[in-house]
$ cat work16.txt   # compact mmCIF, C-alpha atoms
# COMPACT_ATOMS: atom_id res chain seq x y z
CA MET A 388 -2.81 -52.52 -2.33
CA LYS A 389 -4.26 -53.89 0.90
CA GLN A 390 -5.67 -50.45 1.73
CA VAL A 391 -7.20 -50.19 -1.72
CA ALA A 392 -8.84 -53.60 -1.28
CA GLN A 393 -10.14 -52.66 2.14
CA SER A 394 -11.42 -49.37 0.74
CA GLY A 395 -13.15 -51.23 -2.07
CA TRP A 396 -14.76 -53.66 0.33
CA MET A 397 -15.88 -50.76 2.52
CA THR A 398 -17.41 -49.01 -0.48
CA LEU A 399 -19.21 -52.19 -1.51
CA VAL A 400 -20.62 -52.64 1.98
CA LEU A 401 -21.83 -49.05 2.04
CA VAL A 402 -23.47 -49.49 -1.35
CA ILE A 403 -25.21 -52.67 -0.21
CA VAL A 404 -26.40 -50.97 2.96
CA ALA A 405 -27.62 -47.96 1.00
CA VAL A 406 -29.43 -50.17 -1.48
CA GLY A 407 -30.98 -52.15 1.36
CA VAL A 408 -32.14 -49.02 3.13
CA GLY A 409 -33.44 -47.58 -0.11
CA PHE A 410 -35.25 -50.82 -0.94
CA SER A 411 -36.76 -50.88 2.55
CA ILE A 412 -37.96 -47.31 2.16
CA TRP A 413 -39.28 -48.05 -1.32
CA MET A 414 -41.17 -51.06 0.00
CA ARG A 415 -42.86 -48.84 2.57
CA GLN A 416 -43.74 -46.10 0.08
CA PRO A 417 -47.04 -47.59 -1.12
CA ALA A 418 -48.32 -47.85 2.44
CA MET A 419 -47.32 -44.27 3.19
CA GLN A 420 -48.09 -42.60 -0.14
CA ALA A 421 -50.85 -44.65 -1.77
CA ALA A 422 -53.82 -42.42 -2.45
CA ALA A 423 -57.00 -43.35 -0.65
CA PRO A 424 -59.78 -44.55 -2.97
CA PRO A 425 -62.11 -41.71 -3.92
CA ALA A 426 -65.02 -41.34 -1.52
CA ARG A 427 -68.47 -42.03 -2.92
CA THR A 428 -70.85 -39.13 -2.51
CA PRO A 429 -73.83 -40.00 -0.29
CA VAL A 430 -77.12 -39.90 -2.16
CA ASN A 431 -80.09 -37.72 -1.37
CA LEU A 432 -82.63 -40.48 -0.75
CA THR A 433 -86.41 -40.18 -0.90
CA ALA A 434 -89.15 -42.82 -1.01
CA TRP A 435 -92.85 -43.35 -1.55
CA VAL A 436 -95.30 -44.79 0.95
CA VAL A 437 -98.52 -46.00 -0.71
CA ASP A 438 -102.05 -45.94 0.65
CA TRP A 439 -102.65 -49.67 0.08
CA GLN A 440 -99.62 -50.68 2.16
CA TRP A 441 -99.36 -48.06 4.90
CA GLU A 442 -98.38 -50.30 7.78
CA SER A 443 -95.30 -52.00 6.33
CA GLY A 444 -94.40 -48.86 4.39
CA LEU A 445 -94.32 -46.82 7.59
CA ALA A 446 -92.29 -49.54 9.30
CA ASP A 447 -89.65 -49.28 6.56
CA ALA A 448 -89.72 -45.47 6.75
CA GLY A 449 -89.12 -45.67 10.48
CA GLU A 450 -86.11 -47.95 9.95
CA LEU A 451 -84.62 -45.66 7.30
CA GLY A 452 -85.24 -42.57 9.46
CA LYS A 453 -82.95 -39.63 8.77
CA ALA A 454 -81.52 -41.42 5.75
CA LEU A 455 -84.65 -40.15 3.97
CA SER A 456 -84.68 -36.45 3.15
CA ARG A 457 -88.41 -36.71 2.45
CA VAL A 458 -91.28 -39.14 2.06
CA GLN A 459 -93.96 -38.93 -0.63
CA ALA A 460 -97.45 -40.00 0.45
CA PHE A 461 -98.84 -41.65 -2.68
CA ALA A 462 -102.49 -41.05 -1.93
CA ALA A 463 -104.31 -38.37 -3.94
CA TYR A 464 -106.48 -39.49 -6.86
CA PHE A 465 -109.47 -37.87 -8.58
CA ASP A 466 -113.21 -38.44 -8.42
CA GLU A 467 -115.67 -38.32 -11.31
CA SER A 468 -115.92 -34.53 -11.11
CA ASP A 469 -112.14 -34.07 -11.47
CA GLN A 470 -111.72 -33.16 -7.82
CA PRO A 471 -108.80 -34.55 -5.77
CA TYR A 472 -109.87 -37.66 -3.92
CA PHE A 473 -108.39 -39.34 -0.83
CA THR A 474 -109.09 -42.93 0.11
CA LYS A 475 -110.61 -43.66 3.49
CA ALA A 476 -107.43 -45.51 4.47
CA PHE A 477 -105.32 -42.45 3.77
CA LYS A 478 -107.48 -40.15 5.87
CA GLU A 479 -107.37 -42.61 8.75
CA GLU A 480 -103.63 -43.22 8.56
CA LEU A 481 -102.42 -39.67 7.90
CA PRO A 482 -101.89 -38.82 11.61
CA GLN A 483 -99.76 -41.95 12.04
CA ILE A 484 -97.84 -41.18 8.85
CA ARG A 485 -97.03 -37.71 10.11
CA GLU A 486 -96.11 -39.03 13.56
CA THR A 487 -93.78 -41.66 12.08
CA ALA A 488 -92.07 -39.12 9.83
CA GLU A 489 -91.51 -36.70 12.70
CA ALA A 490 -90.29 -39.39 15.12
CA ALA A 491 -87.88 -40.79 12.53
CA GLY A 492 -86.43 -37.36 11.75
CA ILE A 493 -87.52 -37.44 8.11
CA GLY A 494 -87.09 -33.97 6.71
CA GLU A 495 -90.28 -33.50 4.70
CA LEU A 496 -93.66 -35.12 4.06
CA ASP A 497 -95.10 -34.43 0.62
CA LEU A 498 -98.33 -35.37 -1.15
CA THR A 499 -98.30 -37.18 -4.49
CA LEU A 500 -101.15 -36.58 -6.94
CA VAL A 501 -101.68 -39.20 -9.65
CA ASN A 502 -104.05 -39.00 -12.62
CA ASP A 503 -106.17 -42.01 -11.62
CA ILE A 504 -109.95 -41.63 -11.48
CA VAL A 505 -111.77 -43.54 -8.72
CA ARG A 506 -115.52 -43.74 -9.34
CA GLN A 507 -118.31 -44.14 -6.78
CA ASP A 508 -119.06 -47.66 -8.02
CA GLY A 509 -115.48 -48.67 -7.22
CA SER A 510 -114.27 -48.80 -10.81
CA GLU A 511 -111.07 -46.99 -11.74
CA SER A 512 -109.48 -45.34 -14.74
CA PRO A 513 -105.71 -45.39 -14.10
CA LYS A 514 -103.38 -42.93 -15.78
CA ASP A 515 -106.30 -41.18 -17.45
CA SER A 516 -105.00 -39.03 -20.33
CA GLU A 517 -108.31 -37.21 -20.84
CA LEU A 518 -108.28 -36.14 -17.19
CA VAL A 519 -104.90 -34.49 -17.72
CA SER A 520 -106.27 -32.62 -20.73
CA ARG A 521 -109.23 -31.32 -18.74
CA LEU A 522 -107.02 -30.19 -15.85
CA VAL A 523 -104.43 -28.21 -17.82
CA SER A 524 -105.67 -27.40 -21.35
CA THR A 525 -106.75 -23.83 -20.55
CA LYS A 526 -105.56 -21.06 -18.27
CA VAL A 527 -108.87 -21.15 -16.38
CA ALA A 528 -108.62 -24.93 -15.87
CA ARG A 529 -105.04 -24.64 -14.61
CA GLU A 530 -105.96 -21.86 -12.19
CA LYS A 531 -108.73 -23.98 -10.71
CA HIS A 532 -106.51 -27.05 -10.44
CA ILE A 533 -103.73 -25.08 -8.77
CA ALA A 534 -106.22 -23.61 -6.29
CA ASP A 535 -107.43 -27.14 -5.46
CA ILE A 536 -103.85 -28.27 -4.84
CA GLU A 537 -103.11 -25.28 -2.61
CA ALA A 538 -106.23 -26.04 -0.58
CA LEU A 539 -105.06 -29.64 -0.06
CA LEU A 540 -101.64 -28.56 1.16
CA ASP A 541 -103.13 -26.00 3.52
CA GLN A 542 -105.77 -28.37 4.90
CA TYR A 543 -103.43 -31.31 5.49
CA SER A 544 -100.20 -29.38 6.21
CA PHE A 545 -97.94 -31.04 3.65
CA GLN A 546 -94.59 -29.39 3.01
CA GLY A 547 -94.76 -29.98 -0.72
CA VAL A 548 -96.51 -31.69 -3.59
CA GLU A 549 -95.49 -34.13 -6.28
CA ILE A 550 -97.25 -34.32 -9.64
CA ASP A 551 -97.26 -37.83 -11.09
CA TYR A 552 -99.36 -37.46 -14.23
CA GLU A 553 -98.58 -40.16 -16.76
CA ARG A 554 -99.53 -41.01 -20.35
CA ILE A 555 -99.61 -37.32 -21.19
CA PRO A 556 -100.83 -36.76 -24.78
CA ASP A 557 -98.32 -35.08 -27.06
CA LYS A 558 -100.80 -32.27 -27.71
CA ASP A 559 -100.86 -31.42 -23.99
CA TRP A 560 -97.16 -31.09 -23.26
CA GLY A 561 -97.19 -27.34 -23.84
CA HIS A 562 -100.07 -26.99 -21.40
CA MET A 563 -98.32 -29.28 -18.91
CA THR A 564 -95.11 -27.24 -18.87
CA ALA A 565 -97.21 -24.10 -18.34
CA PHE A 566 -98.95 -25.87 -15.46
CA TYR A 567 -95.61 -26.87 -13.93
CA ARG A 568 -94.36 -23.28 -14.13
CA GLU A 569 -97.53 -21.70 -12.75
CA LEU A 570 -97.84 -24.24 -9.94
CA TYR A 571 -94.19 -23.82 -8.95
CA GLU A 572 -94.53 -20.04 -8.76
CA ARG A 573 -97.56 -20.29 -6.49
CA LEU A 574 -96.03 -22.95 -4.22
CA HIS A 575 -92.62 -21.29 -4.06
CA ALA A 576 -94.26 -18.08 -2.85
CA LYS A 577 -95.68 -20.10 0.07
CA GLY A 578 -92.43 -21.89 0.87
CA LYS A 579 -93.73 -25.20 -0.50
CA SER A 580 -91.75 -27.57 -2.73
CA LEU A 581 -92.74 -29.10 -6.06
CA ARG A 582 -91.48 -32.32 -7.62
CA ILE A 583 -92.46 -33.58 -11.06
CA VAL A 584 -92.44 -37.26 -12.02
CA LEU A 585 -91.46 -37.97 -15.61
CA GLU A 586 -92.01 -41.22 -17.47
CA SER A 587 -89.05 -42.56 -19.41
CA ARG A 588 -91.09 -41.96 -22.57
CA ALA A 589 -91.36 -38.21 -21.85
CA PRO A 590 -89.65 -36.19 -24.64
CA VAL A 591 -87.41 -34.29 -22.21
CA GLU A 592 -84.95 -33.35 -24.95
CA THR A 593 -87.54 -31.15 -26.67
CA LEU A 594 -89.69 -29.99 -23.76
CA LYS A 595 -89.27 -26.51 -22.32
CA LEU A 596 -89.42 -27.59 -18.70
CA PRO A 597 -89.35 -24.64 -16.27
CA GLU A 598 -86.55 -24.19 -13.77
CA GLY A 599 -87.49 -24.45 -10.11
CA PRO A 600 -89.17 -27.82 -9.56
CA GLU A 601 -87.21 -30.98 -8.92
CA TYR A 602 -87.68 -33.56 -11.66
CA VAL A 603 -87.57 -37.31 -11.11
CA MET A 604 -87.54 -39.83 -13.96
CA MET A 605 -88.94 -43.32 -13.48
CA ALA A 606 -86.27 -45.95 -14.19
CA TYR A 607 -88.74 -48.84 -14.27
CA ASN A 608 -90.29 -51.10 -15.48
CA LEU A 609 -87.93 -52.31 -18.15
CA TYR A 610 -89.71 -55.64 -17.72
CA GLY A 611 -93.05 -55.99 -16.00
CA THR A 612 -96.76 -56.45 -16.64
CA HIS A 613 -96.25 -55.48 -20.29
CA SER A 614 -93.56 -58.06 -21.06
CA GLY A 615 -92.01 -61.41 -20.35
CA PRO A 616 -89.71 -62.08 -17.38
CA GLY A 617 -86.77 -59.83 -16.63
CA PRO A 618 -85.42 -57.15 -14.28
CA LYS A 619 -87.17 -53.88 -13.50
CA ALA A 620 -84.02 -52.10 -14.65
CA ASP A 621 -80.47 -52.85 -15.71
CA LYS A 622 -77.32 -50.78 -15.62
CA ALA A 623 -77.42 -49.90 -19.33
CA PHE A 624 -81.00 -48.62 -18.95
CA LEU A 625 -80.01 -46.51 -15.94
CA LYS A 626 -77.03 -44.99 -17.73
CA LYS A 627 -79.20 -44.13 -20.72
CA LEU A 628 -81.78 -42.35 -18.57
CA ALA A 629 -79.11 -40.52 -16.57
CA LYS A 630 -77.67 -39.19 -19.83
CA ARG A 631 -81.11 -38.05 -20.98
CA MET A 632 -81.62 -36.17 -17.72
CA THR A 633 -78.86 -33.75 -18.68
CA ALA A 634 -81.53 -32.02 -20.78
CA VAL A 635 -83.62 -31.37 -17.66
CA PRO A 636 -83.04 -28.13 -15.72
CA GLY A 637 -82.30 -27.78 -12.02
CA ASP A 638 -82.38 -30.54 -9.44
CA LYS A 639 -82.96 -33.96 -10.94
CA ALA A 640 -83.45 -37.44 -9.57
CA ILE A 641 -84.00 -40.94 -10.86
CA ALA A 642 -86.47 -43.36 -9.30
CA ILE A 643 -85.57 -47.02 -8.88
CA ALA A 644 -88.02 -49.76 -7.91
CA ALA A 645 -87.82 -52.29 -5.11
CA GLY A 646 -89.62 -55.63 -5.17
CA GLY A 647 -90.29 -57.52 -8.35
CA PHE A 648 -92.72 -59.56 -10.43
CA ASP A 649 -93.92 -63.15 -10.63
CA TRP A 650 -94.70 -64.33 -14.18
CA HIS A 651 -97.00 -67.34 -14.46
CA GLY A 652 -98.96 -68.37 -17.54
CA ASP A 653 -100.32 -65.19 -19.08
CA GLN A 654 -100.40 -63.36 -15.75
CA VAL A 655 -97.91 -61.09 -13.99
CA THR A 656 -98.15 -60.35 -10.27
CA ALA A 657 -96.24 -57.63 -8.42
CA ILE A 658 -94.47 -58.91 -5.30
CA THR A 659 -92.43 -57.34 -2.52
CA GLU A 660 -88.90 -58.39 -1.63
CA GLN A 661 -90.07 -60.25 1.46
CA GLN A 662 -92.72 -62.09 -0.55
CA ALA A 663 -90.13 -63.10 -3.15
CA VAL A 664 -87.80 -64.44 -0.46
CA LYS A 665 -90.59 -66.39 1.25
CA ILE A 666 -91.75 -68.00 -2.01
CA ARG A 667 -88.22 -69.03 -2.86
CA TYR A 668 -87.58 -70.65 0.52
CA THR A 669 -90.96 -72.40 0.45
CA ASN A 670 -90.18 -73.97 -2.92
CA GLY A 671 -86.43 -74.50 -2.49
CA SER A 672 -85.69 -72.76 -5.77
CA GLU A 673 -82.16 -72.16 -7.03
CA LEU A 674 -81.38 -68.45 -6.78
CA LYS A 675 -79.33 -66.71 -9.46
CA ARG A 676 -78.08 -63.12 -9.83
CA ASP A 677 -78.14 -61.48 -13.24
CA ALA A 678 -74.84 -59.75 -14.06
CA ALA A 679 -76.33 -57.05 -16.31
CA SER A 680 -78.87 -55.83 -13.77
CA GLY A 681 -77.76 -57.19 -10.41
CA SER A 682 -81.27 -58.57 -9.96
CA LEU A 683 -82.13 -61.94 -8.45
CA HIS A 684 -84.28 -64.51 -10.22
CA TYR A 685 -85.55 -68.06 -9.79
CA GLN A 686 -88.24 -70.44 -11.00
CA TYR A 687 -90.72 -72.70 -9.24
CA THR A 688 -93.79 -74.80 -9.96
CA ASP A 689 -96.87 -74.25 -7.81
CA ASP A 690 -99.32 -76.84 -6.45
CA LYS A 691 -101.40 -76.56 -9.63
CA ASN A 692 -98.35 -77.49 -11.71
CA VAL A 693 -98.05 -73.95 -13.10
CA LYS A 694 -94.50 -72.78 -13.77
CA HIS A 695 -93.51 -69.40 -12.29
CA THR A 696 -90.55 -67.13 -13.00
CA VAL A 697 -89.66 -64.51 -10.39
CA TRP A 698 -87.35 -61.52 -10.75
CA TYR A 699 -86.76 -59.11 -7.86
CA ALA A 700 -84.34 -56.61 -6.35
CA ASP A 701 -82.58 -56.95 -2.99
CA GLY A 702 -80.27 -54.55 -1.18
CA SER A 703 -77.29 -55.43 -3.36
CA THR A 704 -79.38 -54.80 -6.47
CA LEU A 705 -80.56 -51.40 -5.30
CA THR A 706 -77.13 -50.24 -4.16
CA SER A 707 -75.58 -51.38 -7.45
CA TRP A 708 -78.17 -49.26 -9.26
CA ILE A 709 -77.43 -46.34 -6.96
CA ASP A 710 -73.70 -46.71 -7.66
CA THR A 711 -74.40 -46.80 -11.41
CA LEU A 712 -76.42 -43.59 -11.17
CA ARG A 713 -73.83 -41.95 -8.92
CA GLN A 714 -71.11 -42.69 -11.48
CA ALA A 715 -73.36 -41.12 -14.12
CA GLY A 716 -73.67 -37.92 -12.07
CA ILE A 717 -77.06 -38.58 -10.41
CA THR A 718 -77.00 -38.24 -6.61
CA HIS A 719 -80.72 -37.79 -5.96
CA VAL A 720 -82.45 -41.18 -5.89
CA ALA A 721 -86.10 -42.02 -5.17
CA VAL A 722 -87.24 -45.51 -4.17
CA TRP A 723 -90.54 -46.91 -5.38
CA ARG A 724 -91.75 -48.07 -2.91
CA LEU A 725 -91.46 -48.79 0.82
CA GLY A 726 -93.16 -51.83 2.31
CA GLU A 727 -91.77 -55.29 3.11
CA LEU A 728 -88.17 -54.52 2.21
CA GLY A 729 -85.60 -56.89 3.68
CA SER A 730 -83.66 -55.79 6.76
CA GLY A 731 -80.42 -56.06 4.81
CA THR A 732 -81.87 -53.84 2.10
CA LEU A 733 -82.82 -51.17 4.63
CA ASP A 734 -79.29 -51.26 6.09
CA LYS A 735 -77.74 -50.85 2.64
CA LEU A 736 -79.99 -47.92 1.80
CA VAL A 737 -79.09 -46.20 5.07
CA GLN A 738 -75.41 -46.66 4.28
CA ALA A 739 -75.84 -45.30 0.75
CA ALA A 740 -77.59 -42.20 2.06
CA THR A 741 -75.53 -41.43 5.16
CA THR A 742 -71.95 -42.47 4.44
CA ALA A 743 -69.33 -41.94 1.77
CA LYS A 744 -67.77 -45.37 2.20
$ encode --input "work16.txt" --output "structure tokens"
Amino acid sequence: MKQVAQSGWMTLVLVIVAVGVGFSIWMRQPAMQAAAPPARTPVNLTAWVVDWQWESGLADAGELGKALSRVQAFAAYFDESDQPYFTKAFKEELPQIRETAEAAGIGELDLTLVNDIVRQDGSESPKDSELVSRLVSTKVAREKHIADIEALLDQYSFQGVEIDYERIPDKDWGHMTAFYRELYERLHAKGKSLRIVLESRAPVETLKLPEGPEYVMMAYNLYGTHSGPGPKADKAFLKKLAKRMTAVPGDKAIAIAAGGFDWHGDQVTAITEQQAVKIRYTNGSELKRDAASGSLHYQYTDDKNVKHTVWYADGSTLTSWIDTLRQAGITHVAVWRLGELGSGTLDKLVQAATTAK
């Protein structure tokens, strides 16, 4: 009986030890077996530098460096005879732009053409729909326009071109898609790239866009000069556009916008991130972050007793938009535009483009 009792006690001890060892091993299992969180795919990041803000735009490009796969020089307009037109500032700054891009290791420098007419008297006709019609409505017109573009690329040694023609009349979409196809074929034969900017209003679901070019859709301005205060984009807007881009062939990107707007009275003024931060600190305004968009906003009253409302994007805003697009399957992101971004914003963009963390 004594032996049986001892045997029972021994069995109980062994069971307790086994349970303890098993529990200890089980407690360590999560540390040893827990799956690492899925890595986030780095984005292919591009950005625009504009001819009215070369200096600070180039400074930002230099800070971003190899995080940018290419830079678009937003600089080519049209004169009154429908010929491509460069501002004096662009011609003067182009050598420095090229030098900055090369020194920073940026992969490609492209030229952006926009359908704005700049007249000799200084007046302008932005986003001129009739200009687009004249440039692409016939085969002869398209041939001439393509030849003009090729001459620009050859003369100024750009690696590619971007077509940013907006407010395209419905009647011209067939001519535009023919222009895209014909231009791509000519540029591709020369080893040059082509990117097409699409407005969010573009009927991409019904257009017969040619394969070959990269397409980038503008994800701004949800709120802006046409509306009351609000963010340039929100996550729902980005998801909607990303879904629409599934109808677009080939490589596709979505453009997000830095900076913001200042609404005051019946006026709306575009501001950079650095300007927004300076105004806020000067006035001691309470800063809030909007959950739906990740954007920052505040209010202040100026020295003329006019109430202002400011909305703008910082680095956290932009990276939250990038994450939203990434989750929706978009990994090519363009930033409109460089110039007076915050240092923290530049750091976050570098991280988004160069790491998977």
$ atom_distance --input "work16.txt" --atom1 "CA of Arg485 (chain A)" --atom2 "CA of Tyr552 (chain A)"
24.5 Å
$ atom_distance --input "work16.txt" --atom1 "CA of Gly599 (chain A)" --atom2 "CA of Asp551 (chain A)"
16.6 Å
$ residues_around --input "work16.txt" --residues "region 452-463 of chain A" --least-positions-apart "5" --cutoff "7 Å" --atoms "only C-alpha atoms" --output "PDB file with C-alpha atoms, in the coordinates of the input"
ATOM      1  CA  ASN A 431     -80.090 -37.720  -1.370  1.00  0.00           C
ATOM      2  CA  LEU A 432     -82.630 -40.480  -0.750  1.00  0.00           C
ATOM      3  CA  THR A 433     -86.410 -40.180  -0.900  1.00  0.00           C
ATOM      4  CA  ALA A 434     -89.150 -42.820  -1.010  1.00  0.00           C
ATOM      5  CA  TRP A 435     -92.850 -43.350  -1.550  1.00  0.00           C
ATOM      6  CA  VAL A 436     -95.300 -44.790   0.950  1.00  0.00           C
ATOM      7  CA  VAL A 437     -98.520 -46.000  -0.710  1.00  0.00           C
ATOM      8  CA  ASP A 438    -102.050 -45.940   0.650  1.00  0.00           C
ATOM      9  CA  PRO A 471    -108.800 -34.550  -5.770  1.00  0.00           C
ATOM     10  CA  TYR A 472    -109.870 -37.660  -3.920  1.00  0.00           C
ATOM     11  CA  PHE A 473    -108.390 -39.340  -0.830  1.00  0.00           C
ATOM     12  CA  PHE A 477    -105.320 -42.450   3.770  1.00  0.00           C
ATOM     13  CA  ALA A 491     -87.880 -40.790  12.530  1.00  0.00           C
ATOM     14  CA  GLY A 492     -86.430 -37.360  11.750  1.00  0.00           C
ATOM     15  CA  ILE A 493     -87.520 -37.440   8.110  1.00  0.00           C
ATOM     16  CA  GLY A 494     -87.090 -33.970   6.710  1.00  0.00           C
ATOM     17  CA  GLU A 495     -90.280 -33.500   4.700  1.00  0.00           C
ATOM     18  CA  LEU A 496     -93.660 -35.120   4.060  1.00  0.00           C
ATOM     19  CA  ASP A 497     -95.100 -34.430   0.620  1.00  0.00           C
ATOM     20  CA  LEU A 498     -98.330 -35.370  -1.150  1.00  0.00           C
ATOM     21  CA  THR A 499     -98.300 -37.180  -4.490  1.00  0.00           C
ATOM     22  CA  LEU A 500    -101.150 -36.580  -6.940  1.00  0.00           C
ATOM     23  CA  VAL A 501    -101.680 -39.200  -9.650  1.00  0.00           C
ATOM     24  CA  VAL A 737     -79.090 -46.200   5.070  1.00  0.00           C
ATOM     25  CA  ALA A 740     -77.590 -42.200   2.060  1.00  0.00           C
ATOM     26  CA  THR A 741     -75.530 -41.430   5.160  1.00  0.00           C
TER      27      THR A 741
END
$ closest_residue --input "work16.txt" --among "A:Lys514, A:His684, A:His651, A:Arg631" --to "Phe465 (chain A)" --atoms "all atoms listed in the file"
A:Lys514
$ residues_around --input "work16.txt" --residues "Leu733 (chain A)" --least-positions-apart "6" --cutoff "12 Å" --atoms "all atoms listed in the file" --output "ChimeraX atom specification"
/A:432,434,444,446-452,454-455,645,660,701-703,705-706,722,725-727,739-740
$ atom_distance --input "work16.txt" --atom1 "CA of His532 (chain A)" --atom2 "CA of Val505 (chain A)"
17.4 Å
$ closest_residue --input "work16.txt" --among "A:Ala700, A:Ala488, A:Ser730, A:Thr525" --to "Gly561 (chain A)" --atoms "all atoms listed in the file"
A:Thr525
$ residues_near_point --input "work16.txt" --point "(-92.6, -70.4, -5.3)" --cutoff "10 Å" --atoms "only C-alpha atoms" --output "ChimeraX atom specification"
/A:649,662-672,685-690,694-697
$ residues_around --input "work16.txt" --residues "region 577-592 of chain A" --least-positions-apart "6" --cutoff "9 Å" --atoms "all atoms listed in the file" --output "ChimeraX atom specification"
/A:497,499,540,545-555,567,570-571,599-607,628,631-635,642
$ closest_residue --input "work16.txt" --among "A:Trp723, A:Trp560, A:Trp441, A:Tyr610" --to "Gln483 (chain A)" --atoms "all atoms listed in the file"
A:Trp441
$ residues_around --input "work16.txt" --residues "Ile717 (chain A)" --least-positions-apart "3" --cutoff "8 Å" --atoms "only C-alpha atoms" --output "number ranges by chain"
A: 629, 639-641, 712-714, 720
$ closest_residue --input "work16.txt" --among "A:Asp469, A:Thr612, A:Thr659, A:Arg568" --to "Asp535 (chain A)" --atoms "only C-alpha atoms"
A:Asp469
$ residues_around --input "work16.txt" --residues "Thr711 (chain A)" --least-positions-apart "6" --cutoff "9 Å" --atoms "all atoms listed in the file" --output "PDB file with C-alpha atoms, keeping the file's coordinate frame"
ATOM      1  CA  LYS A 622     -77.320 -50.780 -15.620  1.00  0.00           C
ATOM      2  CA  LEU A 625     -80.010 -46.510 -15.940  1.00  0.00           C
ATOM      3  CA  LYS A 626     -77.030 -44.990 -17.730  1.00  0.00           C
ATOM      4  CA  ILE A 717     -77.060 -38.580 -10.410  1.00  0.00           C
TER       5      ILE A 717
END
$ build_atoms --input "work16.txt" --residues "region 728-744 of chain A" --atoms "N, CA and C atoms" --output "short mmCIF file (atom, residue, chain, number, x, y, z; two decimals), keeping the file's coordinate frame"
data_model
loop_
_atom_site.label_atom_id
_atom_site.label_comp_id
_atom_site.auth_asym_id
_atom_site.auth_seq_id
_atom_site.Cartn_x
_atom_site.Cartn_y
_atom_site.Cartn_z
N LEU A 728 -89.56 -54.39 2.63
CA LEU A 728 -88.17 -54.52 2.21
C LEU A 728 -87.45 -55.40 3.22
N GLY A 729 -86.38 -56.08 2.77
CA GLY A 729 -85.60 -56.89 3.68
C GLY A 729 -84.78 -56.02 4.62
N SER A 730 -84.44 -56.56 5.80
CA SER A 730 -83.66 -55.79 6.76
C SER A 730 -82.29 -55.44 6.19
N GLY A 731 -81.70 -56.35 5.44
CA GLY A 731 -80.42 -56.06 4.81
C GLY A 731 -80.52 -54.94 3.79
N THR A 732 -81.64 -54.90 3.08
CA THR A 732 -81.87 -53.84 2.10
C THR A 732 -81.97 -52.48 2.79
N LEU A 733 -82.70 -52.43 3.88
CA LEU A 733 -82.82 -51.17 4.63
C LEU A 733 -81.46 -50.70 5.12
N ASP A 734 -80.64 -51.62 5.61
CA ASP A 734 -79.29 -51.26 6.09
C ASP A 734 -78.45 -50.70 4.95
N LYS A 735 -78.53 -51.32 3.78
CA LYS A 735 -77.74 -50.85 2.64
C LYS A 735 -78.19 -49.48 2.16
N LEU A 736 -79.49 -49.23 2.20
CA LEU A 736 -79.99 -47.92 1.80
C LEU A 736 -79.56 -46.84 2.78
N VAL A 737 -79.57 -47.15 4.06
CA VAL A 737 -79.09 -46.20 5.07
C VAL A 737 -77.62 -45.87 4.81
N GLN A 738 -76.83 -46.88 4.53
CA GLN A 738 -75.41 -46.66 4.28
C GLN A 738 -75.20 -45.81 3.03
N ALA A 739 -75.98 -46.07 1.98
CA ALA A 739 -75.84 -45.30 0.75
C ALA A 739 -76.18 -43.83 0.96
N ALA A 740 -77.13 -43.57 1.85
CA ALA A 740 -77.59 -42.20 2.06
C ALA A 740 -76.80 -41.44 3.10
N THR A 741 -76.13 -42.13 4.02
CA THR A 741 -75.53 -41.43 5.16
C THR A 741 -74.02 -41.54 5.24
N THR A 742 -73.40 -42.34 4.39
CA THR A 742 -71.95 -42.47 4.44
C THR A 742 -71.36 -42.30 3.06
N ALA A 743 -70.06 -42.06 3.03
CA ALA A 743 -69.33 -41.94 1.77
C ALA A 743 -68.40 -43.12 1.58
N LYS A 744 -68.64 -44.21 2.28
CA LYS A 744 -67.77 -45.37 2.20
C LYS A 744 -68.27 -46.35 1.17
#
